[in-house]
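Structure file work_3.cif (mmCIF, C-alpha atoms and all ligand atoms) is printed below.
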```cif
data_data
#
loop_
_atom_site.label_atom_id
_atom_site.label_comp_id
_atom_site.auth_asym_id
_atom_site.auth_seq_id
_atom_site.Cartn_x
_atom_site.Cartn_y
_atom_site.Cartn_z
CA LEU A 882 33.40 -0.86 6.60
CA VAL A 883 35.07 -3.11 9.15
CA SER A 884 36.45 -5.53 6.56
CA ARG A 885 40.18 -5.72 6.08
CA LYS A 886 39.62 -6.31 2.36
CA LYS A 887 38.47 -2.71 1.95
CA HIS A 888 40.90 -1.25 4.46
CA PRO A 889 44.19 -3.18 4.62
CA ASP A 890 45.88 -1.00 7.27
CA ASN A 891 45.31 -1.55 10.96
CA THR A 892 43.03 0.94 12.66
CA VAL A 893 44.69 2.51 15.68
CA VAL A 894 42.30 3.87 18.31
CA ASP A 895 43.72 6.76 20.32
CA VAL A 896 42.45 6.58 23.88
CA LYS A 897 43.86 9.54 25.79
CA GLY A 898 47.24 9.03 24.12
CA GLU A 899 47.25 5.22 24.34
CA LYS A 900 47.29 4.11 20.73
CA ILE A 901 45.48 0.79 20.82
CA GLY A 902 46.28 -1.33 17.79
CA ASP A 903 49.74 0.20 17.24
CA GLY A 904 51.48 -3.17 17.72
CA LEU A 905 52.27 -2.74 21.43
CA GLN A 906 50.17 -4.85 23.75
CA ARG A 907 48.34 -3.32 26.67
CA LEU A 908 46.36 -4.12 29.75
CA ILE A 909 42.93 -2.72 30.62
CA ALA A 910 42.15 -3.34 34.27
CA GLY A 911 39.90 -2.26 37.08
CA PRO A 912 37.05 -3.47 39.22
CA CYS A 913 34.01 -5.28 37.89
CA SER A 914 31.75 -2.65 39.45
CA VAL A 915 32.43 0.87 40.64
CA GLU A 916 31.50 0.58 44.32
CA SER A 917 32.99 3.69 45.91
CA GLU A 918 35.54 6.42 45.32
CA GLU A 919 37.95 4.77 47.76
CA GLN A 920 37.70 1.43 45.96
CA VAL A 921 38.26 2.89 42.49
CA PHE A 922 41.09 5.18 43.63
CA ALA A 923 42.88 2.27 45.34
CA VAL A 924 42.82 0.25 42.12
CA ALA A 925 43.70 3.24 39.92
CA GLU A 926 46.73 4.04 42.06
CA ALA A 927 47.97 0.43 41.92
CA LEU A 928 47.54 0.27 38.14
CA LYS A 929 49.17 3.62 37.53
CA LYS A 930 52.21 2.55 39.57
CA ARG A 931 52.72 -0.27 37.10
CA GLY A 932 52.28 1.90 34.02
CA VAL A 933 48.72 0.84 33.20
CA ASN A 934 46.76 3.83 31.92
CA LEU A 935 43.47 2.18 30.99
CA LEU A 936 41.00 1.90 33.87
CA ARG A 937 37.73 -0.01 33.60
CA GLY A 938 34.80 -0.13 36.03
CA GLY A 939 31.10 -0.86 35.64
CA ALA A 940 28.55 1.79 36.61
CA TYR A 941 25.54 0.17 34.91
CA LYS A 942 25.73 -3.55 35.57
CA PRO A 943 23.70 -5.92 33.39
CA ARG A 944 23.25 -8.64 36.03
CA SER A 945 21.58 -11.98 35.45
CA SER A 946 19.40 -11.46 38.54
CA PRO A 947 17.41 -8.27 39.19
CA TYR A 948 18.17 -8.74 42.90
CA ASP A 949 21.93 -8.44 42.41
CA PHE A 950 23.81 -5.12 42.62
CA GLN A 951 22.86 -3.07 39.57
CA GLY A 952 25.65 -0.49 39.75
CA LEU A 953 25.87 3.11 40.96
CA GLY A 954 24.75 4.59 37.64
CA VAL A 955 25.75 8.19 37.02
CA GLU A 956 27.40 8.43 40.44
CA GLY A 957 29.68 5.61 39.26
CA LEU A 958 30.52 7.55 36.08
CA GLU A 959 31.40 10.58 38.24
CA ILE A 960 33.73 8.49 40.39
CA LEU A 961 35.45 7.11 37.30
CA LYS A 962 35.90 10.55 35.81
CA LYS A 963 37.43 11.80 39.05
CA ALA A 964 39.82 8.84 39.11
CA GLY A 965 40.75 9.43 35.47
CA ASP A 966 41.51 13.10 36.20
CA ARG A 967 43.38 12.41 39.42
CA TYR A 968 45.60 9.61 38.08
CA ASP A 969 45.72 10.72 34.44
CA MET A 970 44.15 7.53 33.16
CA ALA A 971 41.59 6.79 30.48
CA VAL A 972 38.32 5.46 31.86
CA ILE A 973 36.14 2.79 30.30
CA SER A 974 32.61 1.84 31.32
CA GLU A 975 29.58 0.10 29.93
CA ILE A 976 26.45 1.97 28.84
CA VAL A 977 23.27 -0.06 28.43
CA THR A 978 20.67 2.46 27.24
CA PRO A 979 20.72 4.63 24.10
CA THR A 980 19.46 7.65 26.08
CA ASP A 981 22.48 7.45 28.43
CA VAL A 982 25.01 7.76 25.61
CA GLU A 983 24.91 11.55 25.36
CA LYS A 984 25.63 11.94 29.06
CA ALA A 985 28.30 9.20 29.08
CA VAL A 986 30.33 11.03 26.45
CA ASP A 987 31.16 13.68 29.06
CA TYR A 988 32.43 11.20 31.63
CA LEU A 989 34.13 8.43 29.70
CA ASP A 990 37.10 7.99 27.38
CA VAL A 991 35.73 4.71 26.05
CA ILE A 992 32.13 3.52 25.97
CA GLN A 993 31.83 -0.22 26.42
CA ILE A 994 28.98 -2.17 24.87
CA GLY A 995 28.61 -5.35 26.87
CA ALA A 996 28.09 -8.88 25.65
CA ARG A 997 24.37 -8.77 26.46
CA ASN A 998 23.92 -5.72 24.28
CA MET A 999 25.99 -6.75 21.28
CA GLN A 1000 22.82 -6.91 19.22
CA ASN A 1001 21.06 -3.95 20.82
CA PHE A 1002 21.00 -2.25 17.46
CA GLU A 1003 19.56 1.05 18.69
CA LEU A 1004 22.40 1.30 21.20
CA LEU A 1005 24.94 0.43 18.49
CA LYS A 1006 23.56 3.14 16.22
CA GLU A 1007 23.60 5.67 19.05
CA VAL A 1008 27.24 5.07 19.99
CA GLY A 1009 28.05 4.94 16.29
CA SER A 1010 26.79 8.51 16.01
CA THR A 1011 29.41 9.75 18.50
CA LYS A 1012 33.14 10.08 17.98
CA LYS A 1013 33.98 8.35 21.27
CA PRO A 1014 36.13 5.22 21.19
CA ILE A 1015 33.86 2.19 21.54
CA LEU A 1016 34.78 -1.19 23.02
CA LEU A 1017 32.32 -3.72 21.63
CA LYS A 1018 32.14 -7.10 23.33
CA ARG A 1019 31.18 -10.30 21.63
CA GLY A 1020 27.72 -11.60 22.57
CA LEU A 1021 27.46 -14.67 24.77
CA SER A 1022 26.18 -16.79 21.91
CA ALA A 1023 27.22 -14.70 18.94
CA SER A 1024 29.08 -16.13 15.98
CA ILE A 1025 32.10 -14.24 14.71
CA SER A 1026 30.05 -13.18 11.71
CA GLU A 1027 27.31 -11.74 13.94
CA PHE A 1028 29.98 -9.96 15.97
CA ILE A 1029 31.43 -8.40 12.81
CA HIS A 1030 27.96 -7.30 11.73
CA ALA A 1031 27.42 -5.63 15.10
CA ALA A 1032 30.69 -3.75 14.58
CA GLU A 1033 29.43 -2.74 11.15
CA TYR A 1034 26.37 -1.16 12.81
CA VAL A 1035 28.63 1.12 14.86
CA MET A 1036 30.83 2.05 11.92
CA SER A 1037 27.91 2.57 9.56
CA ARG A 1038 26.95 5.61 11.64
CA GLY A 1039 30.37 7.15 11.14
CA ASN A 1040 32.30 6.18 14.26
CA THR A 1041 35.58 4.56 13.24
CA ASN A 1042 37.03 4.47 16.78
CA LEU A 1043 36.04 0.91 17.40
CA MET A 1044 37.67 -1.98 19.26
CA LEU A 1045 36.45 -5.58 19.42
CA CYS A 1046 36.64 -7.74 22.53
CA GLU A 1047 36.41 -11.53 22.72
CA ARG A 1048 34.97 -12.32 26.17
CA GLY A 1049 34.12 -16.00 26.01
CA ILE A 1050 31.13 -17.75 24.53
CA ARG A 1051 28.57 -20.13 25.92
CA THR A 1052 29.38 -23.79 25.28
CA TYR A 1053 28.61 -27.13 26.96
CA GLU A 1054 31.75 -26.76 29.09
CA THR A 1055 31.10 -26.02 32.75
CA ALA A 1056 34.68 -25.93 34.08
CA THR A 1057 34.89 -22.27 33.11
CA ARG A 1058 32.19 -19.60 33.19
CA ASN A 1059 32.41 -19.22 29.41
CA THR A 1060 34.75 -20.69 26.83
CA LEU A 1061 37.46 -18.27 25.73
CA ASP A 1062 37.40 -18.55 21.96
CA ILE A 1063 41.07 -17.88 21.53
CA SER A 1064 41.02 -18.41 17.77
CA ALA A 1065 38.51 -15.58 17.45
CA VAL A 1066 41.40 -13.19 18.11
CA PRO A 1067 43.43 -13.95 14.95
CA ILE A 1068 40.26 -14.46 12.91
CA LEU A 1069 39.00 -10.98 13.88
CA LYS A 1070 42.46 -9.54 13.19
CA GLN A 1071 42.42 -11.12 9.72
CA GLU A 1072 38.85 -10.28 8.81
CA THR A 1073 38.78 -6.74 10.18
CA HIS A 1074 41.24 -3.89 10.57
CA LEU A 1075 40.13 -3.14 14.13
CA PRO A 1076 42.05 -3.61 17.39
CA VAL A 1077 41.11 -6.91 19.04
CA LEU A 1078 41.06 -7.39 22.81
CA ALA A 1079 40.54 -10.42 25.03
CA ASP A 1080 38.73 -10.27 28.36
CA VAL A 1081 40.24 -13.02 30.49
CA THR A 1082 38.02 -12.38 33.51
CA HIS A 1083 34.55 -12.92 32.08
CA SER A 1084 35.68 -15.64 29.70
CA THR A 1085 37.21 -17.87 32.36
CA GLY A 1086 35.35 -16.77 35.49
CA ARG A 1087 38.32 -18.19 37.39
CA ARG A 1088 41.07 -16.27 39.09
CA ASP A 1089 43.54 -19.16 38.65
CA LEU A 1090 43.13 -19.02 34.87
CA LEU A 1091 43.65 -15.29 34.36
CA LEU A 1092 47.38 -15.49 33.84
CA PRO A 1093 47.51 -18.48 31.44
CA ALA A 1094 44.56 -17.04 29.48
CA ALA A 1095 46.28 -13.64 29.25
CA LYS A 1096 49.51 -15.24 28.04
CA ALA A 1097 47.60 -17.14 25.39
CA ALA A 1098 45.67 -14.06 24.27
CA LEU A 1099 48.80 -11.94 23.97
CA ALA A 1100 50.74 -14.73 22.26
CA ILE A 1101 47.99 -15.14 19.68
CA GLY A 1102 48.02 -11.42 18.90
CA ALA A 1103 45.50 -9.57 21.07
CA ASP A 1104 46.10 -5.81 21.15
CA ALA A 1105 45.06 -5.68 24.78
CA VAL A 1106 43.89 -7.90 27.60
CA MET A 1107 41.13 -6.89 29.97
CA ALA A 1108 41.19 -8.18 33.55
CA GLU A 1109 39.33 -7.27 36.73
CA VAL A 1110 41.13 -6.01 39.84
CA HIS A 1111 39.50 -5.20 43.19
CA PRO A 1112 41.16 -4.14 46.47
CA ASP A 1113 39.30 -6.92 48.32
CA PRO A 1114 37.57 -9.35 45.95
CA ALA A 1115 36.02 -11.29 48.84
CA VAL A 1116 33.67 -8.36 49.53
CA ALA A 1117 33.15 -7.29 45.90
CA LEU A 1118 29.55 -6.57 44.98
CA SER A 1119 29.94 -8.52 41.71
CA ASP A 1120 32.28 -11.15 40.24
CA SER A 1121 34.01 -11.88 43.51
CA ALA A 1122 35.35 -15.29 42.37
CA GLN A 1123 37.41 -13.97 39.52
CA GLN A 1124 38.80 -10.55 40.38
CA MET A 1125 42.45 -10.25 41.40
CA ASP A 1126 43.49 -8.34 44.47
CA ILE A 1127 46.28 -5.80 44.12
CA GLU A 1128 49.04 -8.19 45.10
CA GLN A 1129 47.81 -10.78 42.59
CA PHE A 1130 47.61 -8.06 39.95
CA ASN A 1131 51.23 -7.10 40.62
CA THR A 1132 52.33 -10.71 40.13
CA PHE A 1133 50.12 -10.97 37.04
CA ILE A 1134 51.62 -7.92 35.33
CA SER A 1135 55.19 -8.77 36.35
CA THR A 1136 54.85 -12.24 34.86
CA LEU A 1137 53.48 -10.87 31.58
CA ARG A 1138 56.21 -8.24 31.41
CA ASP A 1139 58.91 -10.83 32.18
CA ALA A 1140 57.55 -12.85 29.28
CA GLN A 1141 57.90 -9.64 27.20
CA LEU A 1142 54.24 -9.76 26.35
CA LEU A 1143 53.29 -6.22 27.41
CA LYS A 1144 54.21 -2.66 26.56
CA ASP A 1145 56.86 -1.39 28.97
CA GLY A 1146 55.55 0.43 31.99
CA VAL A 1147 56.57 3.89 33.14
C1 LIG B 1201 32.00 -6.24 32.04
O1 LIG B 1201 33.03 -6.15 31.37
O2 LIG B 1201 31.79 -5.55 33.06
C2 LIG B 1201 30.95 -7.20 31.64
C3 LIG B 1201 29.75 -7.22 32.21
O3 LIG B 1201 31.34 -8.06 30.68
P1 LIG B 1201 30.46 -8.84 29.60
O4 LIG B 1201 29.55 -7.84 28.97
O5 LIG B 1201 31.50 -9.38 28.67
O6 LIG B 1201 29.73 -9.92 30.35
MN MN B 1202 32.75 -8.48 36.01
#
```

Once you've parsed the file, please lay out its structure as C-alpha cells.
Amino acid sequence: LVSRKKHPDNTVVDVKGEKIGDGLQRLIAGPCSVESEEQVFAVAEALKKRGVNLLRGGAYKPRSSPYDFQGLGVEGLEILKKAGDRYDMAVISEIVTPTDVEKAVDYLDVIQIGARNMQNFELLKEVGSTKKPILLKRGLSASISEFIHAAEYVMSRGNTNLMLCERGIRTYETATRNTLDISAVPILKQETHLPVLADVTHSTGRRDLLLPAAKAALAIGADAVMAEVHPDPAVALSDSAQQMDIEQFNTFISTLRDAQLLKDGV
C-alpha cells in the first residue's frame, strides 16, 4: 500500500490545513518535552510569529534511563491542545501505548510514533485503525525496508494519512548522536508515495549542526524538517544539548527562508 509502484501520485497529508507533501517545504518545531503551559506557549508564540503552524512537544517520553523525566502524560496533551487552540496551530506528540491512542485522538492533530516504537506492531495497528495523521519515525537500527514495512502496518489498517521521518540511525560514528541518513530521504520518496520528513535534532544531537543538516534535508527533497526549540535549553528536562532557544530559532528560520528552502511565512 505504501509503494509508489501501486500509487504513483504523491500522498498529501492535510494537518489542520497544512498540506504536507504538496511540494512546499515546512518546519515542525517545538520543545523536546512539554514541561509547562508557560514553556509551550512561549515557543508556540515564537513559531507562530514566523509563520510556523506545526507545533511538536513530547508528553510521553521514551527515555533511555527510567530515572530521567518521563513526561507529563495526559496533562502534557492538555497543554498542547490548549496551545493549538490559542495559537491556531496543529499539535504533534508521541504516543507509546496502544491503549492511549483513543484518548490521544481528542487532543492531537498528529500522532507521532517514535523511533523506539517503530516495530511496536500493536501500536502501529492501533494508530492505523484511526483516521488521524501519523508521523512514523525510523527505528534507531532499522533498515529502510523495515521502515517501509512498519509504514505498511499502519496503512494496512486503513489509515492513509501517514508521514515518514528519518531521524538518524545508529552507526560507529560518535561525533553525532546518530547518523543522519540523508539518502534515506530521496529513497523513501522514490519507493513510497508518502511525505518524507527529516528530524535534524535527534539525528545530530548537536545544536551547531541543526542548520547545515536542515539545509541538506530540504535540498535533498524533504517535505518538512523537524527541530526542537525551547525557551531556555539550559534548563530543559530533556535534550538540553541540542534544542535551540528562540533567538537561535529565529536565525535558523531566517537563514532557511533566505536560501528559499521553506514555504513563505505569514
Ligand atoms: C522525539 O521526537 O521526541 C523523539 C523522542 O524522537 P525519536 O523517537 O526519533 O528518538
Ligand atoms: Mn528530544

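Taking all atoms listed in the file into account, ligand LIG 1201 (chain B) lies nearest to A:Leu1078 out of the set A:Ala985, A:Val894, A:Leu1092, A:Leu1078.
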
Within 12 Å of file point (19.4, -3.8, 18.4), counting all atoms listed in the file, expressed as a JSON list (two decimals) with C-alpha atoms, keeping the file's coordinate frame:
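In the end it all went to selection27.json:
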```json
[["chain", "number", "residue", "atom", "x", "y", "z"],
["A", 977, "VAL", "CA", 23.27, -0.06, 28.43],
["A", 978, "THR", "CA", 20.67, 2.46, 27.24],
["A", 979, "PRO", "CA", 20.72, 4.63, 24.10],
["A", 994, "ILE", "CA", 28.98, -2.17, 24.87],
["A", 997, "ARG", "CA", 24.37, -8.77, 26.46],
["A", 998, "ASN", "CA", 23.92, -5.72, 24.28],
["A", 999, "MET", "CA", 25.99, -6.75, 21.28],
["A", 1000, "GLN", "CA", 22.82, -6.91, 19.22],
["A", 1001, "ASN", "CA", 21.06, -3.95, 20.82],
["A", 1002, "PHE", "CA", 21.00, -2.25, 17.46],
["A", 1003, "GLU", "CA", 19.56, 1.05, 18.69],
["A", 1004, "LEU", "CA", 22.40, 1.30, 21.20],
["A", 1005, "LEU", "CA", 24.94, 0.43, 18.49],
["A", 1006, "LYS", "CA", 23.56, 3.14, 16.22],
["A", 1007, "GLU", "CA", 23.60, 5.67, 19.05],
["A", 1008, "VAL", "CA", 27.24, 5.07, 19.99],
["A", 1030, "HIS", "CA", 27.96, -7.30, 11.73],
["A", 1031, "ALA", "CA", 27.42, -5.63, 15.10],
["A", 1032, "ALA", "CA", 30.69, -3.75, 14.58],
["A", 1034, "TYR", "CA", 26.37, -1.16, 12.81],
["A", 1035, "VAL", "CA", 28.63, 1.12, 14.86]]
```

- Message: Can you pull out every residue with an atom within 9 Å of ligand MN 1202 (chain B)? Use only C-alpha atoms and all ligand atoms and format it as a VMD selection string.
- Response: chain A and resid 912 to 914 938 to 939 942 1082 to 1083 1086 1108 to 1109 1119 to 1121 1123 to 1124

- Message: Taking 4 positions as the minimum chain separation for residues in the same chain, which residues sit within 12 Å of Ala1122 of chain A when counting only C-alpha atoms? Answer as a VMD selection string.
- Response: chain A and resid 913 1057 to 1058 1082 to 1083 1085 to 1091 1109 to 1111 1113 to 1118 1126

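Near (39.6, -15.2, 20.9), the residues inside the 8 Å limit, counting only C-alpha atoms, come to Glu1047, Arg1048, Gly1049, Leu1061, Asp1062, Ile1063, Ser1064, Ala1065, Val1066, Pro1067, Ala1079 and Ala1098 of chain A.
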
- Message: Here is a test: counting all atoms listed in the file, which residue of A:Ser1135, A:Thr1052, A:Gln993, A:Ser884 is nearest to ligand LIG 1201 (chain B)?
- Response: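 Of A:Ser1135, A:Thr1052, A:Gln993, A:Ser884, the one nearest ligand LIG 1201 (chain B) is A:Gln993, counting all atoms listed in the file.
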
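Restricting the calculation to only C-alpha atoms, the smallest distance between Ala971 of chain A and any of A:Gln1141, A:Ser1084, A:Asn934, A:Ser1022 is found for A:Asn934.
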
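Residue nearest ligand LIG 1201 (chain B) within the list A:Ala996, A:Leu961, A:Val1081, A:Met1044: A:Ala996 [criterion: smallest interatomic distance, all atoms listed in the file].
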
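Using all atoms listed in the file, the smallest distance between any of A:Arg931, A:Ser1010, A:Leu1142, A:Glu956 and Val1106 of chain A comes from A:Leu1142.
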
- Message: From the options A:Pro1112, A:Leu1099, A:Leu1075, A:Val915, which residue's atoms come nearest to Pro889 of chain A, counting all atoms listed in the file?
- Response: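 Nearest candidate to Pro889 of chain A out of A:Pro1112, A:Leu1099, A:Leu1075, A:Val915: A:Leu1075.
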
Around ligand LIG 1201 (chain B), fit a box with edges along x, y and z, padding it by 3 Å on each side, then list its centre and edge lengths in Å to one decimal as lines of an AutoDock Vina configuration file.
```
center_x = 31.3
center_y = -7.7
center_z = 30.9
size_x = 9.5
size_y = 10.4
size_z = 10.4
```

- Query: Between atom CA of Gly898 of chain A and atom CA of Ile1101 of chain A, what is the spacing in Å?
  - Reply: 24.6 Å

- May I ask for the distance between atom CA of Gly932 of chain A and atom CA of Val991 of chain A, given in Å to one decimal place? 18.6 Å

- Item | Pairwise distance for atom CA of Ala1023 of chain A and atom O4 of ligand LIG 1201 (chain B), rounded to one decimal in Å |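 It comes out at 12.4 Å.
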
- All residues 10 Å or closer to Ile973 of chain A, only C-alpha atoms, same chain fewer than 5 positions away omitted, as a list in words: Val896, Ile909, Ala910, Gly911, Leu935, Leu936, Arg937, Gly938, Gly939, Ala940, Leu958, Leu961, Lys962, Gly965, Tyr988, Leu989, Asp990, Val991, Ile992, Gln993, Pro1014, Ile1015 and Leu1016 of chain A
